[in-house]
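A quick write-up on the structure given underneath.
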Amino acid sequence: MFGPQSSLVMYDEELKRINATIEKLLREANAKVIFLVDKNGQLITAVGETEHLDTTSLASLTAGNIAATGGLAKLIGEKEFSILFHEGEKDNLHISIVAGRVILVVIFDQRSSLGLVRLRVKKASDELGDIFQDLAKKAEDMEAGGEFQSPFAEITDDDIDNLFS
Amino acid sequence: MSFINYASREINCKIVYYGPGLCGKTTNLQFVYQKTAPEAKGKMISLATETERTLFFDFLPLALGEIRGFKTRFHLYTVPGQVFYDASRKLILKGVDGVVFVADSQEERLDANIESLENLKVNLEEQGYQLEKLPFVMQYNKRDLPNVSPLEELRSLLNPTNVPEYEACATTGEGVFETLKAVAKLILIDLKKGGR
């Protein structure tokens, strides 16, 4: 759905839909935190008790984790491992791939269970898949119609130099 | 492959530091980390072995400031330089927006530099990239050491296409920010063209 080298572009409308979906998942799965990460390690959005979490680092390590297990999968002839589960003493991580491109991470504790999280994630994944499909279509349409303009199209050399002054 | 977020008005780019083992990739990131204001940087993560050799990657998020109302963020990654970590290196190149090659200037590492540069090209091609089309900067590191190759020799072997190049000593920080600025600038110019 996305070309390997196309930029991921996120708009207000789709982000609102994504947030509504994962906030619902947060409630229904009794989870603590949920975040969505691009496969390259860029954080897309996070909901729940995120105040004390370093979400940027979490995003980067999650993507590294998915990339490493993806490499393992290929070595044994699998396409990918679409679900990863890490069990801790108090908190657990449920990581899954949505729409082939984004990573959905659910952090939960004893107030929930792996079975419940798996069940709810499955349903939410379908909804998220639809949203990312719409997003991809929007990007395609804009490109085809020549409407997409990089926000950086108008920048000058001075703008760039000023960043480093 | 950058991530443009209109909702939060942010743009995120990925820079990868590549080069042979012990050439100073991690030292480059450590210096940037030390010299950057706390509000402009996130935590630096190093996935290293017990002997402090990079095992998977180092990661450093930087916020450079705003351009036309968009926050620009750069995520700096290093690869593990040792030859046998090739599978990990390939993974880290995914979604890269710009590459810094850190060459070890010492005479005895000349072959290692050439091998690593070839490895970079091969691994990029596997991901569907061409080095010539990516924002790319060359850094000749360890210029303070006594047994270094002459600059002309390094240039002719490692930088035949004449990309921006910098002499550096990553332990003291000489040339480190110049290198980073150069690659960041090339990435922004690339985004301006809207080529990707």
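Simple scheme: letters A, B, ... for chains in structure tokens order, numbers from 1 for residues in each chain, numbers from 1 for ligands in the order shown.
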
- For Gln127 of chain B: contacts at 12 Å, only C-alpha atoms, fewer than 5 positions along chain excluded, given as a PyMOL selection string: (chain A and resi 3-5) or (chain B and resi 1+89-96+120-122)

- Would you mind writing down, as a PyMOL selection string, each residue of segment 3-195 of chain B that DSSP on the backbone assigns to strand (DSSP E)? chain B and resi 3-5+10-18+45-48+54-67+70-78+98-104+136-141+165-167

- Select all residues from chain B having any atom no more than 9 Å from an atom of chain A (counting only C-alpha atoms, ignoring ligands), output as JSON, numbers by chain. {"B": [1, 2, 3, 4, 5, 6, 7, 8, 12, 13, 14, 42, 43, 44, 45, 56, 57, 59, 60, 61, 64, 65, 66, 67, 68, 70, 75, 87, 88, 91, 92, 94, 95, 96, 127, 128, 129, 181, 184, 185, 188, 189, 191, 192, 193, 194, 196]}

- Item | For Phe108 of chain A, the nearest of the candidates A:Arg27, A:Met142, A:Asp126, A:Phe81, counting only C-alpha atoms |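 Closest residue, counting only C-alpha atoms: A:Arg27.
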
- Could you name the residues that touch Thr171 of chain B at 9 Å or less, counting only C-alpha atoms, but leaving out those on the same chain fewer than 3 positions away, as a list of chain:residue names?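 After dropping sequence-adjacent residues, the list is B:Gly24, B:Thr27, B:Asn28, B:Gln30, B:Phe31, B:Lys142, B:Ala168, B:Glu174.
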
Could the residues in this selection be saved with N, CA, C and O atoms as a CSV table (one decimal), in the first residue's frame?
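Saved as again23.csv:
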chain,number,residue,atom,x,y,z
B,24,GLY,N,34.6,5.3,14.9
B,24,GLY,CA,34.2,6.5,15.7
B,24,GLY,C,32.7,6.9,15.5
B,24,GLY,O,32.4,8.1,15.8
B,27,THR,N,31.2,7.5,18.9
B,27,THR,CA,31.9,8.7,19.5
B,27,THR,C,31.3,10.0,18.9
B,27,THR,O,31.1,11.0,19.6
B,28,ASN,N,31.0,10.0,17.6
B,28,ASN,CA,30.3,11.1,16.9
B,28,ASN,C,29.0,11.4,17.6
B,28,ASN,O,28.7,12.6,18.0
B,30,GLN,N,28.0,10.5,20.6
B,30,GLN,CA,28.2,10.9,22.0
B,30,GLN,C,28.6,12.3,22.1
B,30,GLN,O,28.2,13.1,23.0
B,31,PHE,N,29.4,12.8,21.2
B,31,PHE,CA,29.8,14.2,21.2
B,31,PHE,C,28.6,15.1,21.0
B,31,PHE,O,28.4,16.1,21.6
B,142,LYS,N,39.7,10.7,13.0
B,142,LYS,CA,41.0,10.4,13.7
B,142,LYS,C,42.2,11.1,13.0
B,142,LYS,O,43.3,10.6,13.0
B,168,ALA,N,38.0,15.2,10.8
B,168,ALA,CA,37.4,15.2,12.1
B,168,ALA,C,38.3,14.5,13.1
B,168,ALA,O,39.2,13.7,12.8
B,174,GLU,N,36.1,17.8,17.0
B,174,GLU,CA,36.4,18.6,15.8
B,174,GLU,C,35.8,18.0,14.6
B,174,GLU,O,35.9,16.8,14.3

- Atom pair atom CA of Leu76 of chain B + atom CA of Phe35 of chain A, distance 21.3 Å

- Query: Got a sec: who's within 9 Å of Gln82 of chain B, counting only C-alpha atoms, leaving out chain neighbours fewer than 6 positions off, as a PyMOL selection string?
  - Reply: chain B and resi 20-22+53-55

Those selected residues, please, written with C-alpha atoms and delivered as a JSON list (two decimals), in the first residue's frame.
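Saved file part.json follows:
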[["chain", "number", "residue", "atom", "x", "y", "z"],
["B", 20, "PRO", "CA", 34.11, 0.15, 9.66],
["B", 21, "GLY", "CA", 34.44, -1.15, 13.23],
["B", 22, "LEU", "CA", 36.02, 1.28, 15.73],
["B", 53, "ARG", "CA", 31.09, -2.42, 21.02],
["B", 54, "THR", "CA", 27.86, -1.52, 19.21],
["B", 55, "LEU", "CA", 25.71, -4.64, 19.02]]

- Hey, can you check how far atom CA of Asp158 of chain A sits from atom CA of Ala40 of chain B?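 Going from atom CA of Asp158 of chain A over to atom CA of Ala40 of chain B, I get 20.7 Å.
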